[in-house]
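All remarks here apply to the structure that follows.
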Amino acid sequence: MAEAVKQEIDARGSACPGPLMELIRGIKASSVGDAVAVLSSDPGSNKDIPDWVDKIGYELVSNEDHGEYHRFVVRKTK
């Protein structure tokens, strides 16, 4: 079953750390339990976003490779 995403942020074309900053802004504005997706074409996001999610203690629901970009879905857990 696909994750219900509350907000999807298109950060394609934004250089590191732009996609992560956009994700943080979206997560801060969301409620506990909400899932936020961010689209990133920056290769640095493949490390930065999972590392940040792990550090902050949220859940990385998915990391999908779409060739030209990745789609990360993160759930706010606290």
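In the structure tokens, chains take letters A, B, ... by order of appearance, with residues numbered from 1 within each chain and ligands from 1 in the order shown.
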Could you pull out the residues in chain A that DSSP calls strand (DSSP E or B) from the backbone, as a PyMOL selection string? chain A and resi 7-10+35-40+59-65+70-75
Same residues, N, CA and C atoms, saved as a PDB file, in the first residue's frame:
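Contents of result19.pdb, freshly written:
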```pdb
ATOM      1  N   GLN A   7       2.376  16.130   2.238  1.00  0.00           N
ATOM      2  CA  GLN A   7       2.957  17.211   1.441  1.00  0.00           C
ATOM      3  C   GLN A   7       4.066  16.634   0.575  1.00  0.00           C
ATOM      4  N   GLU A   8       4.155  17.083  -0.684  1.00  0.00           N
ATOM      5  CA  GLU A   8       5.250  16.686  -1.558  1.00  0.00           C
ATOM      6  C   GLU A   8       5.995  17.943  -1.987  1.00  0.00           C
ATOM      7  N   ILE A   9       7.298  17.949  -1.748  1.00  0.00           N
ATOM      8  CA  ILE A   9       8.141  19.105  -2.032  1.00  0.00           C
ATOM      9  C   ILE A   9       9.018  18.779  -3.240  1.00  0.00           C
ATOM     10  N   ASP A  10       8.951  19.603  -4.256  1.00  0.00           N
ATOM     11  CA  ASP A  10       9.778  19.402  -5.448  1.00  0.00           C
ATOM     12  C   ASP A  10      11.024  20.271  -5.324  1.00  0.00           C
ATOM     13  N   ALA A  35       3.404  12.122   6.778  1.00  0.00           N
ATOM     14  CA  ALA A  35       4.516  11.778   5.896  1.00  0.00           C
ATOM     15  C   ALA A  35       4.710  12.922   4.906  1.00  0.00           C
ATOM     16  N   VAL A  36       5.970  13.296   4.723  1.00  0.00           N
ATOM     17  CA  VAL A  36       6.341  14.361   3.797  1.00  0.00           C
ATOM     18  C   VAL A  36       7.302  13.765   2.777  1.00  0.00           C
ATOM     19  N   ALA A  37       7.080  14.062   1.502  1.00  0.00           N
ATOM     20  CA  ALA A  37       7.961  13.586   0.445  1.00  0.00           C
ATOM     21  C   ALA A  37       8.766  14.750  -0.108  1.00  0.00           C
ATOM     22  N   VAL A  38      10.004  14.464  -0.489  1.00  0.00           N
ATOM     23  CA  VAL A  38      10.828  15.471  -1.155  1.00  0.00           C
ATOM     24  C   VAL A  38      11.465  14.817  -2.382  1.00  0.00           C
ATOM     25  N   LEU A  39      11.414  15.540  -3.500  1.00  0.00           N
ATOM     26  CA  LEU A  39      12.049  15.098  -4.740  1.00  0.00           C
ATOM     27  C   LEU A  39      13.374  15.836  -4.860  1.00  0.00           C
ATOM     28  N   SER A  40      14.458  15.088  -5.069  1.00  0.00           N
ATOM     29  CA  SER A  40      15.774  15.709  -5.146  1.00  0.00           C
ATOM     30  C   SER A  40      16.585  15.115  -6.279  1.00  0.00           C
ATOM     31  N   GLU A  59      11.153   8.468  10.694  1.00  0.00           N
ATOM     32  CA  GLU A  59      11.148   7.236   9.902  1.00  0.00           C
ATOM     33  C   GLU A  59      11.308   7.550   8.421  1.00  0.00           C
ATOM     34  N   LEU A  60      12.326   6.938   7.798  1.00  0.00           N
ATOM     35  CA  LEU A  60      12.474   7.031   6.346  1.00  0.00           C
ATOM     36  C   LEU A  60      11.597   5.932   5.764  1.00  0.00           C
ATOM     37  N   VAL A  61      10.434   6.314   5.274  1.00  0.00           N
ATOM     38  CA  VAL A  61       9.451   5.356   4.763  1.00  0.00           C
ATOM     39  C   VAL A  61       9.930   4.758   3.449  1.00  0.00           C
ATOM     40  N   SER A  62      10.475   5.604   2.560  1.00  0.00           N
ATOM     41  CA  SER A  62      10.976   5.093   1.286  1.00  0.00           C
ATOM     42  C   SER A  62      11.999   6.037   0.696  1.00  0.00           C
ATOM     43  N   ASN A  63      12.838   5.467  -0.157  1.00  0.00           N
ATOM     44  CA  ASN A  63      13.830   6.201  -0.935  1.00  0.00           C
ATOM     45  C   ASN A  63      13.776   5.576  -2.316  1.00  0.00           C
ATOM     46  N   GLU A  64      13.049   6.219  -3.225  1.00  0.00           N
ATOM     47  CA  GLU A  64      12.815   5.668  -4.559  1.00  0.00           C
ATOM     48  C   GLU A  64      13.719   6.345  -5.583  1.00  0.00           C
ATOM     49  N   ASP A  65      14.421   5.531  -6.375  1.00  0.00           N
ATOM     50  CA  ASP A  65      15.277   6.038  -7.445  1.00  0.00           C
ATOM     51  C   ASP A  65      14.453   6.135  -8.722  1.00  0.00           C
ATOM     52  N   HIS A  70      15.610  11.350  -6.919  1.00  0.00           N
ATOM     53  CA  HIS A  70      15.139  10.428  -5.891  1.00  0.00           C
ATOM     54  C   HIS A  70      13.924  11.047  -5.213  1.00  0.00           C
ATOM     55  N   ARG A  71      13.040  10.184  -4.744  1.00  0.00           N
ATOM     56  CA  ARG A  71      11.870  10.622  -3.976  1.00  0.00           C
ATOM     57  C   ARG A  71      11.978   9.996  -2.597  1.00  0.00           C
ATOM     58  N   PHE A  72      12.161  10.839  -1.597  1.00  0.00           N
ATOM     59  CA  PHE A  72      12.269  10.406  -0.210  1.00  0.00           C
ATOM     60  C   PHE A  72      10.943  10.681   0.489  1.00  0.00           C
ATOM     61  N   VAL A  73      10.448   9.705   1.239  1.00  0.00           N
ATOM     62  CA  VAL A  73       9.245   9.899   2.042  1.00  0.00           C
ATOM     63  C   VAL A  73       9.645   9.707   3.502  1.00  0.00           C
ATOM     64  N   VAL A  74       9.370  10.726   4.309  1.00  0.00           N
ATOM     65  CA  VAL A  74       9.752  10.730   5.720  1.00  0.00           C
ATOM     66  C   VAL A  74       8.522  10.945   6.579  1.00  0.00           C
ATOM     67  N   ARG A  75       8.390  10.119   7.629  1.00  0.00           N
ATOM     68  CA  ARG A  75       7.268  10.265   8.567  1.00  0.00           C
ATOM     69  C   ARG A  75       7.781  10.914   9.848  1.00  0.00           C
TER      70      ARG A  75
END
```
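Looking only at chain A, the set that DSSP places in alpha helix (DSSP H) from backbone geometry is Gly18, Pro19, Leu20, Met21, Glu22, Leu23, Ile24, Arg25, Gly26, Ile27, Lys28, Ser45, Asn46, Lys47, Asp48, Ile49, Pro50, Asp51, Trp52, Val53, Asp54, Lys55 and Ile56 of chain A.
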Among the residues A:Ile27, A:Ala4, A:Ala15, A:Met21, the one that comes closest to Lys76 in chain A [using only C-alpha atoms]: A:Ile27
Pick the closest to His66 in chain A from A:Pro50, A:Ser41, A:Gly26, A:Val32: which is it, counting only C-alpha atoms? A:Ser41
As an exercise, work out the distance from CA of Val5 in chain A to CA of Asp34 in chain A in Å and give it to one decimal place. 7.1 Å
Option closest in space to Ser30 in chain A, from A:Asp48, A:Lys55, A:Thr77, A:Asp42 [counting only C-alpha atoms]: A:Thr77
CA of Gly67 in chain A sits from CA of Gly33 in chain A at a separation of 28.6 Å
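One finds CA of Asp51 in chain A at 12.9 Å from CA of Leu23 in chain A.
If you measure from each of A:Cys16, A:Lys6, A:Glu68, A:Ala11 to Lys47 in chain A using only C-alpha atoms, the closest one turns out to be A:Cys16.
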I want to know what sits within 10 Å of Ile24 in chain A, based on only C-alpha atoms, with residues of the same chain fewer than 4 positions away left out; could you give that as number ranges by chain? A: 18-20, 28-30, 36, 38, 49, 52-53
Residues of the last selection are to be written out with N, CA and C atoms, as a tab-separated table (two decimals), in the first residue's frame.
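So the final result, stored in part.tsv, reads:
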```tsv
chain	number	residue	atom	x	y	z
A	18	GLY	N	20.02	22.29	-0.14
A	18	GLY	CA	18.66	22.79	-0.40
A	18	GLY	C	17.55	21.78	-0.19
A	19	PRO	N	17.64	20.58	-0.80
A	19	PRO	CA	16.55	19.60	-0.61
A	19	PRO	C	16.34	19.21	0.86
A	20	LEU	N	17.43	19.07	1.60
A	20	LEU	CA	17.31	18.74	3.03
A	20	LEU	C	16.66	19.90	3.78
A	28	LYS	N	8.77	20.42	9.85
A	28	LYS	CA	8.46	21.30	11.00
A	28	LYS	C	7.01	21.78	10.94
A	29	ALA	N	6.49	21.97	9.74
A	29	ALA	CA	5.12	22.47	9.57
A	29	ALA	C	4.08	21.35	9.62
A	30	SER	N	4.53	20.10	9.71
A	30	SER	CA	3.60	18.97	9.71
A	30	SER	C	3.33	18.49	11.13
A	36	VAL	N	5.97	13.30	4.72
A	36	VAL	CA	6.34	14.36	3.80
A	36	VAL	C	7.30	13.77	2.78
A	38	VAL	N	10.00	14.46	-0.49
A	38	VAL	CA	10.83	15.47	-1.16
A	38	VAL	C	11.46	14.82	-2.38
A	49	ILE	N	19.89	13.10	3.49
A	49	ILE	CA	18.52	12.94	3.99
A	49	ILE	C	18.40	11.71	4.90
A	52	TRP	N	20.13	12.52	8.24
A	52	TRP	CA	19.38	13.46	9.07
A	52	TRP	C	18.18	12.76	9.70
A	53	VAL	N	17.46	11.96	8.92
A	53	VAL	CA	16.28	11.24	9.43
A	53	VAL	C	16.68	10.33	10.60
```
